[in-house]
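Let me begin by presenting the structure, written as structure tokens, before commenting on it.
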Amino acid sequence: MGLTSNKVLMLAIVFAVVLFAGTVWLWPRLARQSWQAIGGRVGLLLTTQLAIFASVGLAANQAFGFYASWADLFGQENGQGVVVDHIAGGGANSPIQVVSTSRVVGVSSALPTVAGQVQKVDIIGRTTHVGTPAFVYLPPEYFQPQNRTRKFPVTVVLTGYPGTAQALVDKLNYPSTAQKLSKDGKMQPMILVMLRPTVAPPRDTECVDVPGGPQTESFFGKDLRDSVMAQYRVDKTPASWGIMGDSTGGYCALKIAMHYPKAYAAAVGLSPYYKAPIDPTTGDLFHGNKNLQNRANLFWAIQHLPAPETSLLVTSSKVGEHNYKDTLKFIKAVQDSNVTRISSMILPSGGHNFNTWRREIPSALQWMSTKLVSH
């Protein structure tokens with residue numbers, strides 16, 4: 001049974017409840033001061049606490065999508081060796097292989113042209129050789145005969161670390177939100193390419209081209225666009241491309257748009273931070289390269305590099321978000337550039353979590369829609 005299986009969660013809860021009841025029942029019998037009785041009490045307490053901790057951890061993972069599988073949890077996933085279902089439109093040499101398709105959750109229709117489609121895909125970067133799974137949302141208009149020559153705008157959507165791409169679909173509800181907004185005339189139809197920035201799990205590369213390691217920034221700045229253009233009806237001009245994400249994904253989105261303004265016309269950072277951390281999950285990202293480290297600091301970049309012609313949206317909360325002061329500083333720094341355009345969405349309160357981002361995503365998608373063009 002998978003890590004995110006409801007059966008696993010229910011078994012863990014039942015096991016914890018049984019252990020708790022057993023502890024209450026056996027405690028009087030273990031009240032003696034012998035080593036056996038003391039050891040029994042310690043064993044029961046530790047086992048019960050571990051069971052409760054496992055139940056809470058599994059429930060949190062279900063809610064926030066930290067890890068997708070047992071292999072992901074234990075650092076055994078490497079993103080390679082996937083089985084591909086070859087279907088029409090994706091040959092053996094295609095940089096995107098479609099694994100499966102499904103309808104958008106919450107949409108019921110017997111006609112495939114009425115509802116949008118979510119494709120589970122595997123993407124391989126031609127130059128970086130980075131391979132990663134992703135989900136692609138295609139709006140209903142993509143399948144309509146009158147739009148067979150139309151090229152649609154694209155928004156790349158990134159999770160936080162160590163989040164899962166699946167969470168973007170069924171926890172943060174990007175496809176259903178985009179489809180509803182489009183149906184209501186609040187945003188234009190667009191393609192969403194949803195994936196996590198962790199292209200070399202379990203390592204957190206912070207979307208950096210690591211010397212001698214994963215070329216993550218180049219993958220998102222170049223290869224990903226080329227792969228999507230080879231598979232779907234999209235335009236290559238930056239005016240048709242946006243990128244957004246939450247937490248680590250928000251930082252990556254802002255950085256990539258600033259570093260590749262000829263690739264992305266707009267970026268949204270939901271609860272982003274503004275420079276790459278160095279910790280046990282990242283390892284040594286820069287290998288002593290001070291220039292690379294500076295480029296990964298968005299405050300340094302906006303002050304020392306040519307200001308990019310792109311539009312940025314950042315979000316935070318006055319209460320509950322640690323990035324609030326840094327966000328205000330970043331807004332001021334971008335305003336001082338007089339070239340890069342910046343907008344903000346500041347909530348009165350909201351934590352660093354899915355609930356907050358679900359409140360921000362509809363407005364963020366509408367903002368993105370105004371920045372992109374279709375052809």
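Residue numbering restarts at 1 for every chain of the structure tokens, chains are lettered A, B, ... in their displayed order, and ligands are numbered from 1 as they appear.
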(message) List the spatial neighbours of segment 288-290 of chain A as number ranges by chain - criterion: any atom at most 12 Å away, only C-alpha atoms, same-chain residues fewer than 2 positions off excluded.
(response) A: 208-211, 284-286, 292-297, 300
Go ahead and write the residues just picked, N, CA, C and O atoms, as a PDB file, in the first residue's frame.
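For reference, selection39.pdb as written:
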```pdb
ATOM      1  N   VAL A 208      18.972  25.819  -8.857  1.00  0.00           N
ATOM      2  CA  VAL A 208      20.315  26.304  -9.142  1.00  0.00           C
ATOM      3  C   VAL A 208      20.981  25.348 -10.126  1.00  0.00           C
ATOM      4  O   VAL A 208      20.757  24.138 -10.082  1.00  0.00           O
ATOM      5  N   ASP A 209      21.813  25.884 -11.040  1.00  0.00           N
ATOM      6  CA  ASP A 209      22.694  25.049 -11.845  1.00  0.00           C
ATOM      7  C   ASP A 209      23.886  24.676 -10.964  1.00  0.00           C
ATOM      8  O   ASP A 209      24.851  25.439 -10.838  1.00  0.00           O
ATOM      9  N   VAL A 210      23.800  23.535 -10.313  1.00  0.00           N
ATOM     10  CA  VAL A 210      24.825  23.131  -9.353  1.00  0.00           C
ATOM     11  C   VAL A 210      26.090  22.720 -10.103  1.00  0.00           C
ATOM     12  O   VAL A 210      26.030  21.862 -10.993  1.00  0.00           O
ATOM     13  N   PRO A 211      27.241  23.321  -9.801  1.00  0.00           N
ATOM     14  CA  PRO A 211      28.487  22.915 -10.467  1.00  0.00           C
ATOM     15  C   PRO A 211      28.732  21.419 -10.310  1.00  0.00           C
ATOM     16  O   PRO A 211      28.779  20.899  -9.194  1.00  0.00           O
ATOM     17  N   ASP A 284      25.996  21.447  -0.820  1.00  0.00           N
ATOM     18  CA  ASP A 284      26.773  22.585  -1.301  1.00  0.00           C
ATOM     19  C   ASP A 284      26.311  22.948  -2.709  1.00  0.00           C
ATOM     20  O   ASP A 284      26.668  22.290  -3.686  1.00  0.00           O
ATOM     21  N   LEU A 285      25.515  23.993  -2.811  1.00  0.00           N
ATOM     22  CA  LEU A 285      24.932  24.373  -4.099  1.00  0.00           C
ATOM     23  C   LEU A 285      25.905  25.140  -4.993  1.00  0.00           C
ATOM     24  O   LEU A 285      25.797  25.079  -6.218  1.00  0.00           O
ATOM     25  N   PHE A 286      26.843  25.849  -4.413  1.00  0.00           N
ATOM     26  CA  PHE A 286      27.637  26.806  -5.190  1.00  0.00           C
ATOM     27  C   PHE A 286      29.111  26.436  -5.316  1.00  0.00           C
ATOM     28  O   PHE A 286      29.814  27.009  -6.155  1.00  0.00           O
ATOM     29  N   LEU A 292      27.751  32.738  -8.602  1.00  0.00           N
ATOM     30  CA  LEU A 292      26.561  31.892  -8.653  1.00  0.00           C
ATOM     31  C   LEU A 292      25.713  32.085  -7.404  1.00  0.00           C
ATOM     32  O   LEU A 292      24.477  32.160  -7.476  1.00  0.00           O
ATOM     33  N   GLN A 293      26.346  32.211  -6.260  1.00  0.00           N
ATOM     34  CA  GLN A 293      25.615  32.434  -5.014  1.00  0.00           C
ATOM     35  C   GLN A 293      24.916  33.790  -5.024  1.00  0.00           C
ATOM     36  O   GLN A 293      23.769  33.916  -4.581  1.00  0.00           O
ATOM     37  N   ASN A 294      25.578  34.820  -5.532  1.00  0.00           N
ATOM     38  CA  ASN A 294      24.960  36.145  -5.619  1.00  0.00           C
ATOM     39  C   ASN A 294      23.752  36.135  -6.550  1.00  0.00           C
ATOM     40  O   ASN A 294      22.714  36.734  -6.243  1.00  0.00           O
ATOM     41  N   ARG A 295      23.860  35.466  -7.700  1.00  0.00           N
ATOM     42  CA  ARG A 295      22.756  35.419  -8.661  1.00  0.00           C
ATOM     43  C   ARG A 295      21.524  34.744  -8.061  1.00  0.00           C
ATOM     44  O   ARG A 295      20.390  35.049  -8.463  1.00  0.00           O
ATOM     45  N   ALA A 296      21.761  33.836  -7.108  1.00  0.00           N
ATOM     46  CA  ALA A 296      20.646  33.144  -6.473  1.00  0.00           C
ATOM     47  C   ALA A 296      19.985  33.982  -5.384  1.00  0.00           C
ATOM     48  O   ALA A 296      18.972  33.572  -4.818  1.00  0.00           O
ATOM     49  N   ASN A 297      20.548  35.144  -5.085  1.00  0.00           N
ATOM     50  CA  ASN A 297      19.980  36.081  -4.114  1.00  0.00           C
ATOM     51  C   ASN A 297      19.219  37.149  -4.895  1.00  0.00           C
ATOM     52  O   ASN A 297      19.821  37.971  -5.594  1.00  0.00           O
ATOM     53  N   TRP A 300      20.221  40.796  -4.344  1.00  0.00           N
ATOM     54  CA  TRP A 300      21.465  41.148  -5.022  1.00  0.00           C
ATOM     55  C   TRP A 300      21.226  41.288  -6.522  1.00  0.00           C
ATOM     56  O   TRP A 300      21.722  42.224  -7.161  1.00  0.00           O
TER      57      TRP A 300
END
```
(request) Please identify all polymer residues within 10 Å of Arg341 of chain A, counting only C-alpha atoms, omitting same-chain residues fewer than 2 positions from it, and present them as a PyMOL selection string. (result) chain A and resi 266+307-313+331+334-335+337-339+343
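When only C-alpha atoms are used to measure the gap to Gln117 of chain A, the shortest distance among A:Met368, A:Val136, A:Val56, A:Met258 belongs to A:Val136.
Proximity ranking of A:His322, A:Ala51, A:Gln36, A:Pro348 relative to Phe20 of chain A places A:Ala51 first, based on only C-alpha atoms.
Nearest residue to Leu192 of chain A among A:Ala230, A:Leu347, A:Val118, A:Leu45 is A:Val118, counting only C-alpha atoms.
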(request) Output as a PyMOL selection string all residues of segment 116-299 of chain A that backbone DSSP marks as strand (DSSP E). (result) chain A and resi 117-124+131-138+154-158+191-195+241-246+266-270
Can you list, as an mmCIF file with C-alpha atoms, in the first residue's frame, every protein, DNA or RNA residue that comes within 9 Å of Val314 of chain A when you count only C-alpha atoms, leaving out same-chain residues fewer than 5 positions away?
```cif
data_model
loop_
_atom_site.group_PDB
_atom_site.id
_atom_site.type_symbol
_atom_site.label_atom_id
_atom_site.label_comp_id
_atom_site.auth_asym_id
_atom_site.auth_seq_id
_atom_site.Cartn_x
_atom_site.Cartn_y
_atom_site.Cartn_z
ATOM 1 C CA GLY A 250 7.667 30.678 -5.461
ATOM 2 C CA LEU A 254 10.649 34.639 -9.341
ATOM 3 C CA ALA A 267 6.032 35.161 -12.438
ATOM 4 C CA VAL A 268 4.071 34.644 -9.218
ATOM 5 C CA GLY A 269 5.676 33.813 -5.885
ATOM 6 C CA LEU A 270 3.176 32.576 -3.287
ATOM 7 C CA SER A 271 4.884 32.942 0.111
ATOM 8 C CA PRO A 272 8.330 33.010 -1.513
ATOM 9 C CA THR A 327 8.542 40.820 0.858
ATOM 10 C CA ILE A 331 8.809 45.168 -3.496
ATOM 11 C CA ILE A 342 5.837 44.273 -9.408
ATOM 12 C CA SER A 343 2.453 43.615 -7.818
ATOM 13 C CA SER A 344 1.603 42.192 -4.421
ATOM 14 C CA MET A 345 -1.141 40.355 -2.558
ATOM 15 C CA ILE A 346 -0.900 40.809 1.224
#
```
Close residues, Ala16 of chain A itself excluded, 10 Å, only C-alpha atoms, min 6 positions apart in chain, as a PDB file with N, CA, C and O atoms, in the first residue's frame:
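Below is the file part_3.pdb, written as the result:
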```pdb
ATOM      1  N   MET A  10      -5.639   4.744   7.807  1.00  0.00           N
ATOM      2  CA  MET A  10      -6.622   4.146   8.710  1.00  0.00           C
ATOM      3  C   MET A  10      -5.994   3.034   9.555  1.00  0.00           C
ATOM      4  O   MET A  10      -6.278   2.915  10.751  1.00  0.00           O
ATOM      5  N   GLY A  22      -4.766  -0.776  24.928  1.00  0.00           N
ATOM      6  CA  GLY A  22      -3.995  -1.830  25.564  1.00  0.00           C
ATOM      7  C   GLY A  22      -3.128  -1.312  26.704  1.00  0.00           C
ATOM      8  O   GLY A  22      -2.968  -1.976  27.735  1.00  0.00           O
ATOM      9  N   THR A  47       5.975   2.598  22.215  1.00  0.00           N
ATOM     10  CA  THR A  47       5.259   2.066  21.059  1.00  0.00           C
ATOM     11  C   THR A  47       3.999   2.872  20.771  1.00  0.00           C
ATOM     12  O   THR A  47       3.685   3.178  19.614  1.00  0.00           O
ATOM     13  N   THR A  48       3.273   3.231  21.816  1.00  0.00           N
ATOM     14  CA  THR A  48       2.056   4.028  21.630  1.00  0.00           C
ATOM     15  C   THR A  48       2.373   5.397  21.059  1.00  0.00           C
ATOM     16  O   THR A  48       1.708   5.890  20.139  1.00  0.00           O
ATOM     17  N   GLN A  49       3.415   6.032  21.603  1.00  0.00           N
ATOM     18  CA  GLN A  49       3.788   7.357  21.098  1.00  0.00           C
ATOM     19  C   GLN A  49       4.242   7.299  19.647  1.00  0.00           C
ATOM     20  O   GLN A  49       3.917   8.182  18.846  1.00  0.00           O
ATOM     21  N   LEU A  50       5.003   6.265  19.296  1.00  0.00           N
ATOM     22  CA  LEU A  50       5.436   6.110  17.908  1.00  0.00           C
ATOM     23  C   LEU A  50       4.241   5.899  16.982  1.00  0.00           C
ATOM     24  O   LEU A  50       4.194   6.448  15.874  1.00  0.00           O
ATOM     25  N   ALA A  51       3.270   5.128  17.422  1.00  0.00           N
ATOM     26  CA  ALA A  51       2.077   4.890  16.607  1.00  0.00           C
ATOM     27  C   ALA A  51       1.284   6.177  16.411  1.00  0.00           C
ATOM     28  O   ALA A  51       0.794   6.461  15.309  1.00  0.00           O
ATOM     29  N   ILE A  52       1.148   6.962  17.486  1.00  0.00           N
ATOM     30  CA  ILE A  52       0.436   8.243  17.372  1.00  0.00           C
ATOM     31  C   ILE A  52       1.201   9.192  16.465  1.00  0.00           C
ATOM     32  O   ILE A  52       0.616   9.872  15.594  1.00  0.00           O
ATOM     33  N   PHE A  53       2.523   9.239  16.632  1.00  0.00           N
ATOM     34  CA  PHE A  53       3.350  10.103  15.785  1.00  0.00           C
ATOM     35  C   PHE A  53       3.217   9.700  14.313  1.00  0.00           C
ATOM     36  O   PHE A  53       3.100  10.556  13.427  1.00  0.00           O
ATOM     37  N   ALA A  54       3.235   8.392  14.027  1.00  0.00           N
ATOM     38  CA  ALA A  54       3.097   7.924  12.648  1.00  0.00           C
ATOM     39  C   ALA A  54       1.744   8.310  12.072  1.00  0.00           C
ATOM     40  O   ALA A  54       1.645   8.729  10.909  1.00  0.00           O
ATOM     41  N   SER A  55       0.687   8.202  12.872  1.00  0.00           N
ATOM     42  CA  SER A  55      -0.657   8.572  12.400  1.00  0.00           C
ATOM     43  C   SER A  55      -0.725  10.049  12.063  1.00  0.00           C
ATOM     44  O   SER A  55      -1.255  10.441  11.013  1.00  0.00           O
TER      45      SER A  55
END
```
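Each of A:Ala276, A:Leu11, A:Ile302, A:Val234 was checked against Ala333 of chain A using only C-alpha atoms; the smallest atom-to-atom distance is that of A:Ile302.
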(request) Write down as a ChimeraX atom specification the residues of segment 242-276 of chain A whose backbone DSSP state falls under alpha helix (DSSP H). (result) /A:248-259
For Gly213 of chain A, please output as a PDB file with all heavy atoms, in the first residue's frame all residues within 12 Å (counting only C-alpha atoms; exclusion window: fewer than 5 positions along the same chain).
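Writing the result to part35.pdb gives the following:
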```
ATOM      1  N   THR A 128      19.979  19.387 -20.618  1.00  0.00           N
ATOM      2  CA  THR A 128      20.366  19.167 -19.225  1.00  0.00           C
ATOM      3  C   THR A 128      20.247  17.701 -18.825  1.00  0.00           C
ATOM      4  O   THR A 128      20.814  17.298 -17.814  1.00  0.00           O
ATOM      5  CB  THR A 128      19.471  19.988 -18.280  1.00  0.00           C
ATOM      6  OG1 THR A 128      18.097  19.599 -18.457  1.00  0.00           O
ATOM      7  CG2 THR A 128      19.611  21.481 -18.569  1.00  0.00           C
ATOM      8  N   HIS A 129      19.481  16.927 -19.605  1.00  0.00           N
ATOM      9  CA  HIS A 129      19.236  15.510 -19.320  1.00  0.00           C
ATOM     10  C   HIS A 129      18.533  15.322 -17.973  1.00  0.00           C
ATOM     11  O   HIS A 129      18.631  14.252 -17.366  1.00  0.00           O
ATOM     12  CB  HIS A 129      20.539  14.712 -19.375  1.00  0.00           C
ATOM     13  CG  HIS A 129      21.293  14.890 -20.652  1.00  0.00           C
ATOM     14  ND1 HIS A 129      20.819  14.456 -21.874  1.00  0.00           N
ATOM     15  CD2 HIS A 129      22.484  15.500 -20.907  1.00  0.00           C
ATOM     16  CE1 HIS A 129      21.682  14.757 -22.826  1.00  0.00           C
ATOM     17  NE2 HIS A 129      22.687  15.406 -22.268  1.00  0.00           N
ATOM     18  N   VAL A 130      17.852  16.343 -17.531  1.00  0.00           N
ATOM     19  CA  VAL A 130      17.035  16.247 -16.319  1.00  0.00           C
ATOM     20  C   VAL A 130      15.721  15.570 -16.686  1.00  0.00           C
ATOM     21  O   VAL A 130      15.077  15.932 -17.674  1.00  0.00           O
ATOM     22  CB  VAL A 130      16.768  17.646 -15.726  1.00  0.00           C
ATOM     23  CG1 VAL A 130      15.661  17.586 -14.685  1.00  0.00           C
ATOM     24  CG2 VAL A 130      18.034  18.208 -15.105  1.00  0.00           C
ATOM     25  N   VAL A 199      14.000  18.280  -8.957  1.00  0.00           N
ATOM     26  CA  VAL A 199      14.196  17.408 -10.115  1.00  0.00           C
ATOM     27  C   VAL A 199      15.246  16.335  -9.842  1.00  0.00           C
ATOM     28  O   VAL A 199      15.460  15.455 -10.681  1.00  0.00           O
ATOM     29  CB  VAL A 199      14.594  18.227 -11.358  1.00  0.00           C
ATOM     30  CG1 VAL A 199      13.492  19.201 -11.734  1.00  0.00           C
ATOM     31  CG2 VAL A 199      15.913  18.972 -11.125  1.00  0.00           C
ATOM     32  N   ALA A 200      15.913  16.397  -8.690  1.00  0.00           N
ATOM     33  CA  ALA A 200      16.913  15.389  -8.323  1.00  0.00           C
ATOM     34  C   ALA A 200      16.653  14.918  -6.899  1.00  0.00           C
ATOM     35  O   ALA A 200      17.489  15.084  -6.020  1.00  0.00           O
ATOM     36  CB  ALA A 200      18.320  15.958  -8.460  1.00  0.00           C
ATOM     37  N   ARG A 203      17.340  15.561  -3.106  1.00  0.00           N
ATOM     38  CA  ARG A 203      18.079  16.804  -2.944  1.00  0.00           C
ATOM     39  C   ARG A 203      17.229  18.005  -3.323  1.00  0.00           C
ATOM     40  O   ARG A 203      16.511  17.991  -4.325  1.00  0.00           O
ATOM     41  CB  ARG A 203      19.347  16.795  -3.795  1.00  0.00           C
ATOM     42  CG  ARG A 203      20.253  17.991  -3.534  1.00  0.00           C
ATOM     43  CD  ARG A 203      21.537  17.923  -4.325  1.00  0.00           C
ATOM     44  NE  ARG A 203      22.437  18.988  -3.910  1.00  0.00           N
ATOM     45  CZ  ARG A 203      23.616  19.209  -4.461  1.00  0.00           C
ATOM     46  NH1 ARG A 203      24.049  18.442  -5.448  1.00  0.00           N
ATOM     47  NH2 ARG A 203      24.373  20.208  -4.025  1.00  0.00           N
ATOM     48  N   ASP A 204      17.332  19.050  -2.546  1.00  0.00           N
ATOM     49  CA  ASP A 204      16.683  20.332  -2.822  1.00  0.00           C
ATOM     50  C   ASP A 204      17.707  21.218  -3.520  1.00  0.00           C
ATOM     51  O   ASP A 204      18.584  21.793  -2.891  1.00  0.00           O
ATOM     52  CB  ASP A 204      16.216  20.965  -1.509  1.00  0.00           C
ATOM     53  CG  ASP A 204      15.626  22.345  -1.714  1.00  0.00           C
ATOM     54  OD1 ASP A 204      15.363  22.718  -2.879  1.00  0.00           O
ATOM     55  OD2 ASP A 204      15.435  23.063  -0.710  1.00  0.00           O
ATOM     56  N   THR A 205      17.591  21.336  -4.840  1.00  0.00           N
ATOM     57  CA  THR A 205      18.586  22.104  -5.607  1.00  0.00           C
ATOM     58  C   THR A 205      18.280  23.593  -5.659  1.00  0.00           C
ATOM     59  O   THR A 205      19.080  24.361  -6.197  1.00  0.00           O
ATOM     60  CB  THR A 205      18.689  21.585  -7.044  1.00  0.00           C
ATOM     61  OG1 THR A 205      17.419  21.737  -7.695  1.00  0.00           O
ATOM     62  CG2 THR A 205      19.084  20.120  -7.071  1.00  0.00           C
ATOM     63  N   CYS A 207      16.559  25.254  -7.544  1.00  0.00           N
ATOM     64  CA  CYS A 207      16.560  25.736  -8.934  1.00  0.00           C
ATOM     65  C   CYS A 207      17.879  26.413  -9.296  1.00  0.00           C
ATOM     66  O   CYS A 207      17.903  27.459  -9.947  1.00  0.00           O
ATOM     67  CB  CYS A 207      15.380  26.664  -9.180  1.00  0.00           C
ATOM     68  SG  CYS A 207      13.783  25.837  -8.983  1.00  0.00           S
ATOM     69  N   VAL A 208      18.972  25.819  -8.857  1.00  0.00           N
ATOM     70  CA  VAL A 208      20.315  26.304  -9.142  1.00  0.00           C
ATOM     71  C   VAL A 208      20.981  25.348 -10.126  1.00  0.00           C
ATOM     72  O   VAL A 208      20.757  24.138 -10.082  1.00  0.00           O
ATOM     73  CB  VAL A 208      21.153  26.392  -7.846  1.00  0.00           C
ATOM     74  CG1 VAL A 208      22.633  26.608  -8.139  1.00  0.00           C
ATOM     75  CG2 VAL A 208      20.625  27.512  -6.955  1.00  0.00           C
ATOM     76  N   SER A 218      18.713  25.762 -15.687  1.00  0.00           N
ATOM     77  CA  SER A 218      18.697  25.659 -17.148  1.00  0.00           C
ATOM     78  C   SER A 218      17.537  24.789 -17.624  1.00  0.00           C
ATOM     79  O   SER A 218      16.958  25.043 -18.695  1.00  0.00           O
ATOM     80  CB  SER A 218      20.018  25.081 -17.661  1.00  0.00           C
ATOM     81  OG  SER A 218      21.087  25.981 -17.425  1.00  0.00           O
ATOM     82  N   THR A 282      19.970  20.769   0.872  1.00  0.00           N
ATOM     83  CA  THR A 282      20.509  21.345  -0.363  1.00  0.00           C
ATOM     84  C   THR A 282      21.925  20.871  -0.656  1.00  0.00           C
ATOM     85  O   THR A 282      22.327  20.786  -1.819  1.00  0.00           O
ATOM     86  CB  THR A 282      20.529  22.887  -0.292  1.00  0.00           C
ATOM     87  OG1 THR A 282      21.461  23.316   0.705  1.00  0.00           O
ATOM     88  CG2 THR A 282      19.152  23.435   0.031  1.00  0.00           C
ATOM     89  N   GLY A 283      22.690  20.597   0.404  1.00  0.00           N
ATOM     90  CA  GLY A 283      24.103  20.326   0.187  1.00  0.00           C
ATOM     91  C   GLY A 283      24.805  21.596  -0.275  1.00  0.00           C
ATOM     92  O   GLY A 283      24.277  22.713  -0.167  1.00  0.00           O
ATOM     93  N   ASP A 284      25.996  21.447  -0.820  1.00  0.00           N
ATOM     94  CA  ASP A 284      26.773  22.585  -1.301  1.00  0.00           C
ATOM     95  C   ASP A 284      26.311  22.948  -2.709  1.00  0.00           C
ATOM     96  O   ASP A 284      26.668  22.290  -3.686  1.00  0.00           O
ATOM     97  CB  ASP A 284      28.265  22.230  -1.296  1.00  0.00           C
ATOM     98  CG  ASP A 284      29.150  23.431  -1.632  1.00  0.00           C
ATOM     99  OD1 ASP A 284      28.594  24.513  -1.937  1.00  0.00           O
ATOM    100  OD2 ASP A 284      30.385  23.288  -1.584  1.00  0.00           O
ATOM    101  N   LEU A 285      25.515  23.993  -2.811  1.00  0.00           N
ATOM    102  CA  LEU A 285      24.932  24.373  -4.099  1.00  0.00           C
ATOM    103  C   LEU A 285      25.905  25.140  -4.993  1.00  0.00           C
ATOM    104  O   LEU A 285      25.797  25.079  -6.218  1.00  0.00           O
ATOM    105  CB  LEU A 285      23.693  25.250  -3.873  1.00  0.00           C
ATOM    106  CG  LEU A 285      22.468  24.591  -3.244  1.00  0.00           C
ATOM    107  CD1 LEU A 285      21.386  25.639  -3.003  1.00  0.00           C
ATOM    108  CD2 LEU A 285      21.942  23.475  -4.126  1.00  0.00           C
ATOM    109  N   PHE A 286      26.843  25.849  -4.413  1.00  0.00           N
ATOM    110  CA  PHE A 286      27.637  26.806  -5.190  1.00  0.00           C
ATOM    111  C   PHE A 286      29.111  26.436  -5.316  1.00  0.00           C
ATOM    112  O   PHE A 286      29.814  27.009  -6.155  1.00  0.00           O
ATOM    113  CB  PHE A 286      27.493  28.198  -4.574  1.00  0.00           C
ATOM    114  CG  PHE A 286      26.061  28.610  -4.382  1.00  0.00           C
ATOM    115  CD1 PHE A 286      25.516  28.740  -3.112  1.00  0.00           C
ATOM    116  CD2 PHE A 286      25.235  28.839  -5.472  1.00  0.00           C
ATOM    117  CE1 PHE A 286      24.195  29.107  -2.931  1.00  0.00           C
ATOM    118  CE2 PHE A 286      23.913  29.209  -5.300  1.00  0.00           C
ATOM    119  CZ  PHE A 286      23.385  29.343  -4.033  1.00  0.00           C
ATOM    120  N   HIS A 287      29.622  25.541  -4.489  1.00  0.00           N
ATOM    121  CA  HIS A 287      31.011  25.075  -4.570  1.00  0.00           C
ATOM    122  C   HIS A 287      32.005  26.238  -4.617  1.00  0.00           C
ATOM    123  O   HIS A 287      32.942  26.248  -5.412  1.00  0.00           O
ATOM    124  CB  HIS A 287      31.194  24.175  -5.799  1.00  0.00           C
ATOM    125  CG  HIS A 287      30.461  22.869  -5.697  1.00  0.00           C
ATOM    126  ND1 HIS A 287      31.052  21.694  -5.288  1.00  0.00           N
ATOM    127  CD2 HIS A 287      29.154  22.556  -5.951  1.00  0.00           C
ATOM    128  CE1 HIS A 287      30.152  20.717  -5.302  1.00  0.00           C
ATOM    129  NE2 HIS A 287      28.990  21.230  -5.690  1.00  0.00           N
TER     130      HIS A 287
END
```
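You will find atom CA of Val8 of chain A at 21.4 Å from atom CA of Val169 of chain A.
Of note, atom CA of Trp27 of chain A and atom CA of Leu58 of chain A are spaced 27.7 Å apart.
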